[in-house]
Amino acid sequence: MRLFGRKDADPSPGAEEALGLFLFDAVNDAIAAERALKVAGYGVHLVAPPPHLRAGCDLSVALERVEHVGAERVLAEAGVHVREWVNDAEGTASVCDLVTTVDFGDWLMVRAGNMKIVVEKATGVIVNTSGGGCPDIPYLNLALVGRRLDEVPRPKDFGYTLCGLMLDRAYVEVRALLEVDGR
Amino acid sequence: MTLLVIATYPVVEGPVLDGPVTLEADGGIAIGGTRVPSSQGTSAMLGAATRVAAHLGTPAPHALVAGDIGRGDGTRHVYERLAEVATRIRPSVIAFHYMQPVMALMRRAVEQLAEVAPAALLVADAGGMYAAKAAGLASRFELMTPDVGELGFLADPDVTHPAYVSHYLFGNEGFDPIALAATAHATGGAARVLLIKGVRDHITLDGAIAEVVEEPCVPELEAIGGTGDTVTGLASAFLAAGFPTVDAARCACLANREAGRAMGATPAMHAEDLVAALPNVLGDNLCGWGGACVV
């Protein structure tokens, strides 16, 4: 039996419910936490922590304060390391969700924020990734370029930073646009 | 006249490499004799910088890098060595490139460099630029090379990463790079010179427009990973060769665009193709662009 069940609320910054934040030492911990909490039924939102809680390339998970004890248990069971919980979401910022496309004829480029992925339409082969400035981006570039969209993992599953997260958004969008099934 | 590049390379737990950069026969990059993977990012930046040094007869760039795939481990190793390497190399230009953007590490690095290399001009792009701006240190830098989204990041004092940039500061609709550059300068988010990479490249000095470069126009370059990094490498190398900063930025924009035209860029090509085109581009054009012909 789960004592702390899910709510259907979307705890985006500025929502009426009182929010708190899980803070993490690494962006991929935040991404793993979001995944585990969503699977468990929690309504969560990835946000930048308030300025006084930032160390640099930060990402935190916001959810309703009342749910934090149960959510913390879910994260412990999932093996996700949490730096701390704070009862304050004032000053958070949402991740940019601006997605645009450029059609190059045989190739389609999708931008999510300043991250870009380029795919050959006929084959679904990723021919380029670009943008960003965190160290996982060249690593993701080597792992993705030259392979088909349907044979690579999502960038958020093996990236580590906010740049990787934005590349994941571009990846998801180009899959949808080219109607590549799965995932 | 030495360029020191501080960065990472995409290998899990790859060791610290500290040495001059050389271009291999196949276009690959070696640092102190050790190959690093060719991809977008710092290898593209180093390739372009090395081509400039070879053309002008200036010392090859010196790189201090470590393996990092986004966990921040290699970034920390590089920062630990920075003061020692800068003291030994005595660079005229120090460029921060693909690094985990950790504000505390950047603050310490800038403090150290003020002691051991006070005359060196600081350049930042990629994660190095994110850390410098987020830490409130942008105005200590001579040159930053943002793309349009990153310019929105520099212009917003409350944002610590481009992923959080608001729509109105980002990209196309109503986007005004000149106004944003002025805002970034006024709020302490910009280096003295900004090279803003886009369909039209804008170069600003102390927040005011200095140059606009828009020819040749090669839209495919935006799709090719690493072509922004090559601009940064070109500008850093020209700066290390003694070009005034605005001239270094302008020649970098022109060389990158001309190389894209010369290579017949398509979205499926790679930064190595552009780097390979640079020797002829520099040889045929640099004097005509007003850059130094021989140093």
# chains A, B, ... in the order shown; residues from 1 in each chain; ligands from 1
$ residues_around --residues "Ala44 (chain B)" --least-positions-apart "3" --cutoff "7 Å" --atoms "only C-alpha atoms" --output "ChimeraX atom specification"
/B:39-41,47-48,226,229-230,271-272
$ closest_atom_pairs --of "region 89-181 of chain B" --to "region 56-76 of chain B" --cutoff "12 Å" --atoms "only C-alpha atoms" --output "CSV"
residue,atom,partner,partner_atom,distance
B:Ile89,CA,B:His62,CA,8.1
B:Arg90,CA,B:His62,CA,10.5
B:Pro91,CA,B:His62,CA,8.7
B:Ser92,CA,B:Pro61,CA,10.9
B:Val93,CA,B:Pro61,CA,9.8
B:Ile94,CA,B:His62,CA,9.6
B:Ala95,CA,B:Ala63,CA,9.5
B:Phe96,CA,B:Leu64,CA,10.0
B:His97,CA,B:Val65,CA,9.8
B:Tyr98,CA,B:Thr75,CA,8.8
B:Met99,CA,B:Thr75,CA,5.7
B:Gln100,CA,B:Gly72,CA,5.3
B:Pro101,CA,B:Gly72,CA,8.5
B:Val102,CA,B:Gly72,CA,8.5
B:Met103,CA,B:Arg76,CA,11.7
B:Ala104,CA,B:Arg76,CA,10.7
B:Leu105,CA,B:Arg76,CA,7.6
B:Met106,CA,B:Arg76,CA,10.2
B:Arg108,CA,B:Arg76,CA,11.4
B:Ala109,CA,B:Arg76,CA,10.8
B:Gly127,CA,B:Thr75,CA,10.1
B:Gly128,CA,B:Thr75,CA,10.1
B:Ala131,CA,B:Thr75,CA,11.7
$ select_by_dssp --residues "region 153-246 of chain B" --states "strand (DSSP E or B)" --output "list in words"
Val193, Leu194, Leu195, Ile196, Lys197, Asp201, His202, Ile203, Thr204, Leu205, Ala208, Ile209, Ala210, Glu211, Val212 and Val213 of chain B
$ interface_residues --of "chain A" --to "chain B" --cutoff "6 Å" --atoms "only C-alpha atoms" --output "tab-separated table (two decimals) with N, CA and C atoms, in the first residue's frame"
chain	number	residue	atom	x	y	z
A	56	GLY	N	25.60	26.00	-10.65
A	56	GLY	CA	26.04	26.15	-12.04
A	56	GLY	C	24.99	25.58	-12.97
A	57	CYS	N	25.26	24.39	-13.47
A	57	CYS	CA	24.40	23.73	-14.45
A	57	CYS	C	23.35	22.92	-13.70
A	95	VAL	N	12.50	25.14	-17.81
A	95	VAL	CA	13.37	24.86	-18.95
A	95	VAL	C	12.70	25.36	-20.22
A	96	CYS	N	13.47	25.99	-21.09
A	96	CYS	CA	12.94	26.53	-22.35
A	96	CYS	C	12.31	25.40	-23.18
A	114	ASN	N	18.87	25.92	-27.81
A	114	ASN	CA	20.00	26.07	-28.73
A	114	ASN	C	20.64	24.73	-29.09
A	127	VAL	N	22.60	12.72	-38.83
A	127	VAL	CA	23.83	13.12	-39.52
A	127	VAL	C	24.60	14.19	-38.75
A	128	ASN	N	23.94	14.87	-37.82
A	128	ASN	CA	24.62	15.88	-37.03
A	128	ASN	C	23.86	16.19	-35.75
A	129	THR	N	24.58	16.54	-34.71
A	129	THR	CA	24.01	17.21	-33.55
A	129	THR	C	24.90	18.42	-33.30
A	130	SER	N	24.31	19.49	-32.78
A	130	SER	CA	25.12	20.68	-32.55
A	130	SER	C	24.47	21.55	-31.49
A	133	GLY	N	27.03	23.50	-24.76
A	133	GLY	CA	28.41	23.73	-24.36
A	133	GLY	C	28.87	22.89	-23.19
A	134	CYS	N	28.06	21.93	-22.78
A	134	CYS	CA	28.43	21.07	-21.65
A	134	CYS	C	29.19	19.85	-22.18
A	135	PRO	N	30.00	19.22	-21.34
A	135	PRO	CA	30.88	18.17	-21.84
A	135	PRO	C	30.19	16.91	-22.35
A	136	ASP	N	28.93	16.71	-22.02
A	136	ASP	CA	28.29	15.51	-22.56
A	136	ASP	C	27.86	15.68	-24.02
A	138	PRO	N	29.64	16.69	-26.87
A	138	PRO	CA	30.49	15.94	-27.82
A	138	PRO	C	30.38	14.43	-27.63
A	139	TYR	N	30.19	13.99	-26.41
A	139	TYR	CA	30.02	12.56	-26.13
A	139	TYR	C	28.73	12.04	-26.79
A	160	TYR	N	24.15	13.90	-19.33
A	160	TYR	CA	24.31	14.26	-17.92
A	160	TYR	C	23.93	15.69	-17.59
$ atom_distance --atom1 "CA of Thr183 (chain B)" --atom2 "CA of Ala155 (chain B)"
5.5 Å
$ select_by_dssp --residues "region 104-264 of chain B" --states "helix (DSSP H, G or I)" --output "ChimeraX atom specification"
/B:104-116,126-134,138-140,148-155,162-164,167-169,177-186,219-223,227-240,245-262
$ write_last_selection --atoms "C-alpha atoms" --output "PDB file, in the first residue's frame"
ATOM      1  CA  ALA B 104      32.851  28.106  -7.943  1.00  0.00           C
ATOM      2  CA  LEU B 105      35.534  26.528 -10.130  1.00  0.00           C
ATOM      3  CA  MET B 106      35.421  29.413 -12.584  1.00  0.00           C
ATOM      4  CA  ARG B 107      35.689  31.981  -9.786  1.00  0.00           C
ATOM      5  CA  ARG B 108      38.779  30.278  -8.426  1.00  0.00           C
ATOM      6  CA  ALA B 109      40.305  29.988 -11.905  1.00  0.00           C
ATOM      7  CA  VAL B 110      39.858  33.676 -12.686  1.00  0.00           C
ATOM      8  CA  GLU B 111      41.373  34.586  -9.307  1.00  0.00           C
ATOM      9  CA  GLN B 112      44.366  32.363  -9.997  1.00  0.00           C
ATOM     10  CA  LEU B 113      44.890  33.689 -13.502  1.00  0.00           C
ATOM     11  CA  ALA B 114      44.838  37.259 -12.226  1.00  0.00           C
ATOM     12  CA  GLU B 115      47.934  36.293 -10.229  1.00  0.00           C
ATOM     13  CA  VAL B 116      49.846  33.998 -12.581  1.00  0.00           C
ATOM     14  CA  ALA B 126      30.390  26.877 -24.458  1.00  0.00           C
ATOM     15  CA  GLY B 127      30.402  25.727 -20.829  1.00  0.00           C
ATOM     16  CA  GLY B 128      33.274  28.065 -20.014  1.00  0.00           C
ATOM     17  CA  MET B 129      31.085  30.967 -21.075  1.00  0.00           C
ATOM     18  CA  TYR B 130      28.094  29.638 -19.120  1.00  0.00           C
ATOM     19  CA  ALA B 131      30.187  29.429 -15.955  1.00  0.00           C
ATOM     20  CA  ALA B 132      31.811  32.833 -16.431  1.00  0.00           C
ATOM     21  CA  LYS B 133      28.492  34.600 -16.929  1.00  0.00           C
ATOM     22  CA  ALA B 134      26.643  32.705 -14.198  1.00  0.00           C
ATOM     23  CA  ALA B 138      31.774  37.957 -17.830  1.00  0.00           C
ATOM     24  CA  SER B 139      33.185  41.472 -17.781  1.00  0.00           C
ATOM     25  CA  ARG B 140      36.616  40.057 -16.914  1.00  0.00           C
ATOM     26  CA  VAL B 148      21.675  33.627 -30.625  1.00  0.00           C
ATOM     27  CA  GLY B 149      20.226  31.515 -27.816  1.00  0.00           C
ATOM     28  CA  GLU B 150      23.309  31.991 -25.715  1.00  0.00           C
ATOM     29  CA  LEU B 151      23.078  35.747 -26.266  1.00  0.00           C
ATOM     30  CA  GLY B 152      19.666  35.668 -24.591  1.00  0.00           C
ATOM     31  CA  PHE B 153      21.325  33.868 -21.709  1.00  0.00           C
ATOM     32  CA  LEU B 154      24.032  36.528 -21.418  1.00  0.00           C
ATOM     33  CA  ALA B 155      21.385  39.266 -21.457  1.00  0.00           C
ATOM     34  CA  PRO B 162      20.841  28.799 -21.770  1.00  0.00           C
ATOM     35  CA  ALA B 163      18.280  26.046 -21.188  1.00  0.00           C
ATOM     36  CA  TYR B 164      16.328  28.487 -19.001  1.00  0.00           C
ATOM     37  CA  HIS B 167      11.166  32.721 -25.418  1.00  0.00           C
ATOM     38  CA  TYR B 168      11.323  36.442 -25.902  1.00  0.00           C
ATOM     39  CA  LEU B 169      15.089  36.421 -25.516  1.00  0.00           C
ATOM     40  CA  PRO B 177      20.886  40.879 -31.161  1.00  0.00           C
ATOM     41  CA  ILE B 178      22.102  44.471 -30.965  1.00  0.00           C
ATOM     42  CA  ALA B 179      19.695  45.372 -28.168  1.00  0.00           C
ATOM     43  CA  LEU B 180      20.404  42.134 -26.337  1.00  0.00           C
ATOM     44  CA  ALA B 181      24.153  42.661 -26.593  1.00  0.00           C
ATOM     45  CA  ALA B 182      23.724  46.128 -25.115  1.00  0.00           C
ATOM     46  CA  THR B 183      21.653  44.683 -22.286  1.00  0.00           C
ATOM     47  CA  ALA B 184      24.197  41.953 -21.650  1.00  0.00           C
ATOM     48  CA  HIS B 185      26.952  44.539 -21.457  1.00  0.00           C
ATOM     49  CA  ALA B 186      24.961  46.868 -19.197  1.00  0.00           C
ATOM     50  CA  PRO B 219      22.706  28.222 -44.085  1.00  0.00           C
ATOM     51  CA  GLU B 220      23.861  24.596 -43.968  1.00  0.00           C
ATOM     52  CA  LEU B 221      26.638  25.545 -41.542  1.00  0.00           C
ATOM     53  CA  GLU B 222      24.126  25.842 -38.718  1.00  0.00           C
ATOM     54  CA  ALA B 223      23.269  22.174 -39.135  1.00  0.00           C
ATOM     55  CA  THR B 227      30.997  25.006 -36.923  1.00  0.00           C
ATOM     56  CA  GLY B 228      30.404  27.416 -34.052  1.00  0.00           C
ATOM     57  CA  ASP B 229      33.397  25.900 -32.314  1.00  0.00           C
ATOM     58  CA  THR B 230      35.565  26.501 -35.359  1.00  0.00           C
ATOM     59  CA  VAL B 231      34.617  30.194 -35.266  1.00  0.00           C
ATOM     60  CA  THR B 232      35.790  30.346 -31.658  1.00  0.00           C
ATOM     61  CA  GLY B 233      39.025  28.561 -32.537  1.00  0.00           C
ATOM     62  CA  LEU B 234      39.696  30.919 -35.417  1.00  0.00           C
ATOM     63  CA  ALA B 235      39.018  34.033 -33.338  1.00  0.00           C
ATOM     64  CA  SER B 236      41.120  32.795 -30.420  1.00  0.00           C
ATOM     65  CA  ALA B 237      44.055  32.009 -32.681  1.00  0.00           C
ATOM     66  CA  PHE B 238      43.866  35.346 -34.479  1.00  0.00           C
ATOM     67  CA  LEU B 239      43.763  37.055 -31.090  1.00  0.00           C
ATOM     68  CA  ALA B 240      46.804  35.115 -29.917  1.00  0.00           C
ATOM     69  CA  THR B 245      39.947  41.650 -30.911  1.00  0.00           C
ATOM     70  CA  VAL B 246      37.286  43.007 -33.261  1.00  0.00           C
ATOM     71  CA  ASP B 247      39.501  42.215 -36.264  1.00  0.00           C
ATOM     72  CA  ALA B 248      40.121  38.731 -34.909  1.00  0.00           C
ATOM     73  CA  ALA B 249      36.378  38.178 -34.580  1.00  0.00           C
ATOM     74  CA  ARG B 250      35.618  39.579 -38.043  1.00  0.00           C
ATOM     75  CA  CYS B 251      38.298  37.494 -39.760  1.00  0.00           C
ATOM     76  CA  ALA B 252      37.020  34.417 -37.893  1.00  0.00           C
ATOM     77  CA  CYS B 253      33.486  34.958 -39.174  1.00  0.00           C
ATOM     78  CA  LEU B 254      34.687  35.518 -42.723  1.00  0.00           C
ATOM     79  CA  ALA B 255      37.015  32.511 -42.711  1.00  0.00           C
ATOM     80  CA  ASN B 256      34.363  30.190 -41.306  1.00  0.00           C
ATOM     81  CA  ARG B 257      31.774  31.293 -43.839  1.00  0.00           C
ATOM     82  CA  GLU B 258      34.197  31.115 -46.738  1.00  0.00           C
ATOM     83  CA  ALA B 259      35.322  27.636 -45.690  1.00  0.00           C
ATOM     84  CA  GLY B 260      31.680  26.570 -45.609  1.00  0.00           C
ATOM     85  CA  ARG B 261      31.220  27.870 -49.122  1.00  0.00           C
ATOM     86  CA  ALA B 262      34.447  26.325 -50.358  1.00  0.00           C
TER      87      ALA B 262
END
$ atom_distance --atom1 "CA of Pro20 (chain B)" --atom2 "CA of Gly283 (chain B)"
23.0 Å
$ residues_around --residues "region 171-180 of chain A" --least-positions-apart "5" --cutoff "8 Å" --atoms "only C-alpha atoms" --output "ChimeraX atom specification"
/A:108-110,117,119,121,124,149-150,154-155
$ write_last_selection --atoms "C-alpha atoms" --output "short mmCIF file (atom, residue, chain, number, x, y, z; two decimals), in the first residue's frame"
data_model
loop_
_atom_site.label_atom_id
_atom_site.label_comp_id
_atom_site.auth_asym_id
_atom_site.auth_seq_id
_atom_site.Cartn_x
_atom_site.Cartn_y
_atom_site.Cartn_z
CA LEU A 108 15.41 17.89 -41.33
CA MET A 109 16.90 19.95 -38.51
CA VAL A 110 15.07 20.36 -35.20
CA ILE A 117 19.67 17.48 -34.28
CA VAL A 119 18.32 13.68 -39.61
CA LYS A 121 14.67 11.97 -43.95
CA GLY A 124 16.27 8.25 -40.32
CA LEU A 149 16.83 7.34 -34.71
CA ASP A 150 15.27 4.00 -33.85
CA ARG A 154 17.24 8.75 -25.84
CA PRO A 155 19.88 11.40 -25.07
#
$ residues_around --residues "Arg65 (chain A)" --least-positions-apart "3" --cutoff "7 Å" --atoms "only C-alpha atoms" --output "PyMOL selection string"
chain A and resi 18-20+68+87
$ residues_around --residues "Leu21 (chain A)" --least-positions-apart "2" --cutoff "7 Å" --atoms "only C-alpha atoms" --output "VMD selection string"
chain A and resid 19 23 60 to 63 85 to 89
$ write_last_selection --atoms "N, CA and C atoms" --output "PDB file, in the first residue's frame"
ATOM      1  N   LEU A  19       4.763  24.621  -3.364  1.00  0.00           N
ATOM      2  CA  LEU A  19       5.738  23.696  -3.939  1.00  0.00           C
ATOM      3  C   LEU A  19       7.032  23.697  -3.143  1.00  0.00           C
ATOM      4  N   LEU A  23      16.722  18.982  -4.561  1.00  0.00           N
ATOM      5  CA  LEU A  23      17.962  19.456  -5.188  1.00  0.00           C
ATOM      6  C   LEU A  23      18.922  18.276  -5.344  1.00  0.00           C
ATOM      7  N   SER A  60      16.448  20.972 -10.837  1.00  0.00           N
ATOM      8  CA  SER A  60      15.793  20.439  -9.637  1.00  0.00           C
ATOM      9  C   SER A  60      14.408  19.947 -10.014  1.00  0.00           C
ATOM     10  N   VAL A  61      13.784  19.221  -9.089  1.00  0.00           N
ATOM     11  CA  VAL A  61      12.452  18.674  -9.320  1.00  0.00           C
ATOM     12  C   VAL A  61      11.489  19.333  -8.341  1.00  0.00           C
ATOM     13  N   ALA A  62      10.456  19.965  -8.881  1.00  0.00           N
ATOM     14  CA  ALA A  62       9.447  20.622  -8.048  1.00  0.00           C
ATOM     15  C   ALA A  62       8.235  19.713  -7.906  1.00  0.00           C
ATOM     16  N   LEU A  63       7.720  19.652  -6.718  1.00  0.00           N
ATOM     17  CA  LEU A  63       6.447  18.978  -6.505  1.00  0.00           C
ATOM     18  C   LEU A  63       5.789  19.581  -5.275  1.00  0.00           C
ATOM     19  N   TRP A  85      16.067  18.507   0.302  1.00  0.00           N
ATOM     20  CA  TRP A  85      14.728  18.999  -0.010  1.00  0.00           C
ATOM     21  C   TRP A  85      14.607  20.396   0.586  1.00  0.00           C
ATOM     22  N   VAL A  86      14.010  21.332  -0.160  1.00  0.00           N
ATOM     23  CA  VAL A  86      13.761  22.667   0.388  1.00  0.00           C
ATOM     24  C   VAL A  86      12.280  23.001   0.226  1.00  0.00           C
ATOM     25  N   ASN A  87      11.713  23.602   1.271  1.00  0.00           N
ATOM     26  CA  ASN A  87      10.292  23.970   1.256  1.00  0.00           C
ATOM     27  C   ASN A  87      10.082  25.315   0.600  1.00  0.00           C
ATOM     28  N   ASP A  88      10.709  25.523  -0.529  1.00  0.00           N
ATOM     29  CA  ASP A  88      10.628  26.845  -1.147  1.00  0.00           C
ATOM     30  C   ASP A  88      10.908  26.716  -2.638  1.00  0.00           C
ATOM     31  N   ALA A  89       9.955  27.103  -3.448  1.00  0.00           N
ATOM     32  CA  ALA A  89      10.168  27.079  -4.896  1.00  0.00           C
ATOM     33  C   ALA A  89      10.159  28.482  -5.476  1.00  0.00           C
TER      34      ALA A  89
END
